[in-house]
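> Structure provided below as structure tokens; questions to follow.
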Amino acid sequence: MSLNQGRSILAIPGPSVIPDRVLNAMHRPSASIYDGELVEMTDGLLDDLKRVAGTDGLAAIYLANGHGAWEAALRNTLKTGDKIVVLSNGFFSHKWGTVAETLGVEVEFVEYGMTEYADPMRLEEVLRADTAGTVKAVLAVQSETSSSVRNDIAALRGAIDAAGHDALFMVDCIASLGCDRFEMDALGVDVMVSAGQKGMMNPVGLAFVFFNHKADAARAHANPGQYWDWTDRAKSKSFYPRWSGSPPGHLMFALRETLDMMVHEEGMPAVWARHETIAKAVWAACEAWGQAGALRLNIADPTRRATGVTTINTDPGVAHKIRMWCQNEAGVTLGNSLGFPPEELEDHFRIGHMGHLNIHMIMGVLGAIETAMIAQNIPHGSGALAAAAQVLSAHANPART
């Protein structure tokens with residue numbers, strides 16, 4: 001008989017584990033959409049989202065997933081025929097560019113592959129060559145969900161400035177908001193997009209777009225249509241226009257609970273520090289397994305790795321065997337492969353370690369992976385769980401601010 005009879009866990013890079021108290025916050029009748037708590041909580045939601053994002057700018061919430069956030073950002077700042085530069089080092093960064101193409105935007109992809117970070121010097125060269133100033137925006141991700149590379153947003157901002165270019169700087173934080181340290185205003189980001197189902201610990205259904213006044217000024221030259229227009233969502237004093245119709249009441253209650261947990265209880269410095277420690281524990285385990293086995297971290301440089309997701313490369317077919325055993329025998333669902341060549345899709349898997357996590361949850365995931373390798377005679381180095389435990393035991397919680 002299978003041992004998989006307990007509580008299962010999603011160890012994928014979103015949707016992430018939803019805290020019980022967030023689920024409980026939604027377990028209630030629908031609230032009035034005319035007055036009362038939904039109306040009263042909207043300002044607080046926007047204010048606290050901006051605290052998570054590190055901005056004094058503007059914020060808009062959409063009923064959408066991350067793809068909706070992409071489209072909202074593009075529709076409010078660009079028009080057909082505009083040109084943008086997309087820094088592509090994985091499935092999702094490239095996909096954002098293809099969404100722009102469907103809107104009639106000319107896209108120049110700067111490709112870095114699946115193992116490299118976006119090189120600021122190369123971006124500077126591209127922008128210096130644009131002497132006519134035709135490039136209207138530069139698009140990048142902070143943490144690429146498919147490859148688990150983390151781009152240096154400050155350095156990319158520096159490259160735009162060094163080139164003397166006026167392009168908008170737009171950053172995808174869908175896999176990094178609430179995981180990797182990100183402070184929008186300090187980094188000089190004009191538009192940031194994210195969603196609720198990853199580091200923000202919410203069900204799928206809410207997308208967030210943050211923008212400054214420079215980006216808002218570009219709205220005058222775009223034609224976002226009624227639904228994607230961020231003007232009323234971010235600025236209206238009336239409740240109905242902020243949601244472009246009926247508000248997602250239960251998702252609002254969920255978001256309120258997660259923001260209370262992150263902003264008002266744990267504090268963002270502690271949230272970032274917790275994710276960094278858990279990520280380092282995962283890396284320590286993977287490095288131990290790889291000493292004598294079939295596993296390798298996709299991103300070799302630890303300073304370039306995302307803290308919410310880790311992509312692991314394996315010998316042919318090994319990743320698929322590990323994923324299936326963990327899912328069927330251990331109740332642990334690992335992330336599949338995205339962005340790699342079709343013939344390699346069974347040679348990579350991803351561990352999501354974002355949002356609502358603690359020591360026993362991540363050690364359980366790592367233990368399940370090791371058990372899968374033992375059960376299937378997959379070669380691997382020893383000492384992985386001990387290495388992870390050593391990292392976790394040394395965690396130092398920062399002072400709350």
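Every chain in the structure tokens has a letter given in the order shown (A, B, ...), and although residue numbers restart at 1 in each chain, ligands are simply numbered from 1 in the order shown.
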Please provide as a ChimeraX atom specification all residues within 6 Å of region 64-72 of chain A, with the sequence filter that same-chain residues fewer than 3 positions apart are discarded (counting only C-alpha atoms).

/A:75,193,195,205-207,228

> Residues at most 9 Å from region 273-289 of chain A, counting only C-alpha atoms, excluding those fewer than 4 positions away in the same chain, as number ranges by chain?

A: 178-181, 268-269, 293-297, 302, 305-310, 312, 351, 353-355, 357-359, 362-363, 366, 370, 379-392, 394-398

> Which one of A:Ser8, A:Thr115, A:Ser176, A:Thr42 sits closest to Ser238 (chain A) if you count only C-alpha atoms?

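Of A:Ser8, A:Thr115, A:Ser176, A:Thr42, the one nearest Ser238 (chain A), counting only C-alpha atoms, is A:Thr42.
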
> Per residue of region 52-139 of chain A within 9 Å of region 213-225 of chain A, note the shortest atom pair and the distance in Å to one decimal, counting only C-alpha atoms, and order the rows by chain and increasing residue number, as a Markdown table.


| residue | atom | partner | partner_atom | distance |
| --- | --- | --- | --- | --- |
| A:Gly57 | CA | A:His213 | CA | 7.1 |
| A:Leu58 | CA | A:His213 | CA | 8.0 |
| A:Ala72 | CA | A:Pro224 | CA | 7.5 |
| A:Leu74 | CA | A:Pro224 | CA | 8.3 |
| A:Arg75 | CA | A:Pro224 | CA | 4.5 |
| A:Asn76 | CA | A:Arg219 | CA | 5.0 |
| A:Thr77 | CA | A:Ala218 | CA | 5.0 |
| A:Leu78 | CA | A:Ala222 | CA | 5.3 |
| A:Lys79 | CA | A:Ala222 | CA | 5.0 |
| A:Thr80 | CA | A:Ala222 | CA | 8.6 |

> What is the CA of Ala292 (chain A)-CA of Gln376 (chain A) distance in Å, reported with one decimal?

15.6 Å

> So, counting only C-alpha atoms, which residue among A:Ala330, A:Ile33, A:Ile369, A:Leu177 is closest to Met262 (chain A)?

A:Leu177

> Excluding region 89-96 of chain A and residues on its chain fewer than 4 positions from it, collect all residues at most 12 Å away from it, counting only C-alpha atoms, and give them as a PyMOL selection string.

chain A and resi 66-74+84-85+100-103+105+107-119+138-151+170-175+193+298-299+311+337-341

> Neighbouring residues of Pro248 (chain A) were defined as those with any atom within 12 Å, considering only C-alpha atoms; residues of the same chain fewer than 5 positions away were excluded. Please report them as a PyMOL selection string.

chain A and resi 26+30-33+38-39+42+61-64+203-207+240+242-243+253-255

> Identify, with DSSP run on backbone atoms, the residues in region 244-351 of chain A assigned to helix (DSSP H, G or I), and express the list as an NGL selection string.

:A and (249-266 or 268-290 or 302-304 or 318-330 or 342-347)

> Using Å and a single decimal, report how far CA of Val271 (chain A) sits from CA of Thr55 (chain A).

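It comes out at 17.3 Å.
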
> Record the distance separating CA of Thr314 (chain A) and CA of Gly331 (chain A), expressed in Å with one decimal.

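Between these atoms lies a distance of 21.3 Å.
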
> Just want the 12 Å neighbourhood of Asp20 (chain A), counted on only C-alpha atoms, with same-chain residues fewer than 2 positions away dropped. Output as a tab-separated table (two decimals) with N, CA and C atoms, in the first residue's frame.


chain	number	residue	atom	x	y	z
A	17	VAL	N	1.43	27.35	-1.93
A	17	VAL	CA	0.60	26.91	-0.81
A	17	VAL	C	-0.17	28.11	-0.24
A	18	ILE	N	-1.47	27.95	-0.09
A	18	ILE	CA	-2.31	29.01	0.47
A	18	ILE	C	-2.44	28.78	1.98
A	22	VAL	N	-5.81	32.28	5.23
A	22	VAL	CA	-6.26	32.94	4.00
A	22	VAL	C	-7.47	32.21	3.44
A	23	LEU	N	-7.42	30.89	3.43
A	23	LEU	CA	-8.58	30.11	3.00
A	23	LEU	C	-9.79	30.41	3.88
A	24	ASN	N	-9.56	30.50	5.19
A	24	ASN	CA	-10.66	30.79	6.11
A	24	ASN	C	-11.25	32.18	5.89
A	25	ALA	N	-10.39	33.14	5.50
A	25	ALA	CA	-10.87	34.50	5.26
A	25	ALA	C	-11.86	34.54	4.10
A	26	MET	N	-11.70	33.62	3.16
A	26	MET	CA	-12.61	33.57	2.00
A	26	MET	C	-13.87	32.77	2.29
A	27	HIS	N	-13.86	31.96	3.33
A	27	HIS	CA	-14.97	31.04	3.60
A	27	HIS	C	-16.10	31.78	4.32
A	201	MET	N	0.80	34.39	-1.97
A	201	MET	CA	0.07	33.34	-1.24
A	201	MET	C	-1.44	33.38	-1.43
A	202	ASN	N	-1.91	33.88	-2.56
A	202	ASN	CA	-3.35	33.97	-2.85
A	202	ASN	C	-3.75	32.95	-3.90
A	203	PRO	N	-5.04	32.67	-4.01
A	203	PRO	CA	-5.50	31.89	-5.17
A	203	PRO	C	-5.23	32.66	-6.46
A	254	ALA	N	-9.03	37.49	0.88
A	254	ALA	CA	-7.79	36.71	0.90
A	254	ALA	C	-6.57	37.61	0.86
A	257	GLU	N	-5.81	39.37	4.08
A	257	GLU	CA	-5.19	38.49	5.08
A	257	GLU	C	-3.70	38.30	4.79
A	258	THR	N	-3.33	38.10	3.52
A	258	THR	CA	-1.92	37.91	3.21
A	258	THR	C	-1.12	39.18	3.44
A	261	MET	N	-0.37	39.44	7.04
A	261	MET	CA	0.69	38.52	7.42
A	261	MET	C	2.06	39.05	7.01
A	356	HIS	N	4.18	30.66	1.63
A	356	HIS	CA	3.86	30.12	2.95
A	356	HIS	C	4.68	28.85	3.19

> Taking into account only C-alpha atoms, which residue in the set A:Phe182, A:Val52, A:Lys198, A:Asp43 is nearest to Glu266 (chain A)?

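That would be A:Val52, the residue with the smallest distance to Glu266 (chain A).
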
> Find the residues near region 124-126 of chain A: any atom within 7 Å, counting only C-alpha atoms, skip ones fewer than 4 places away on the same chain, and give them as a PDB file with C-alpha atoms, in the first residue's frame.


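Contents of the output file part18.pdb:
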ATOM      1  CA  PRO A 120      23.686  45.154 -18.636  1.00  0.00           C
ATOM      2  CA  ASP A 130      19.123  53.477 -31.016  1.00  0.00           C
ATOM      3  CA  ALA A 159      22.661  50.486 -18.322  1.00  0.00           C
ATOM      4  CA  ILE A 160      19.616  52.442 -19.501  1.00  0.00           C
ATOM      5  CA  ALA A 162      24.460  55.073 -19.053  1.00  0.00           C
ATOM      6  CA  ALA A 163      23.080  54.933 -22.588  1.00  0.00           C
TER       7      ALA A 163
END
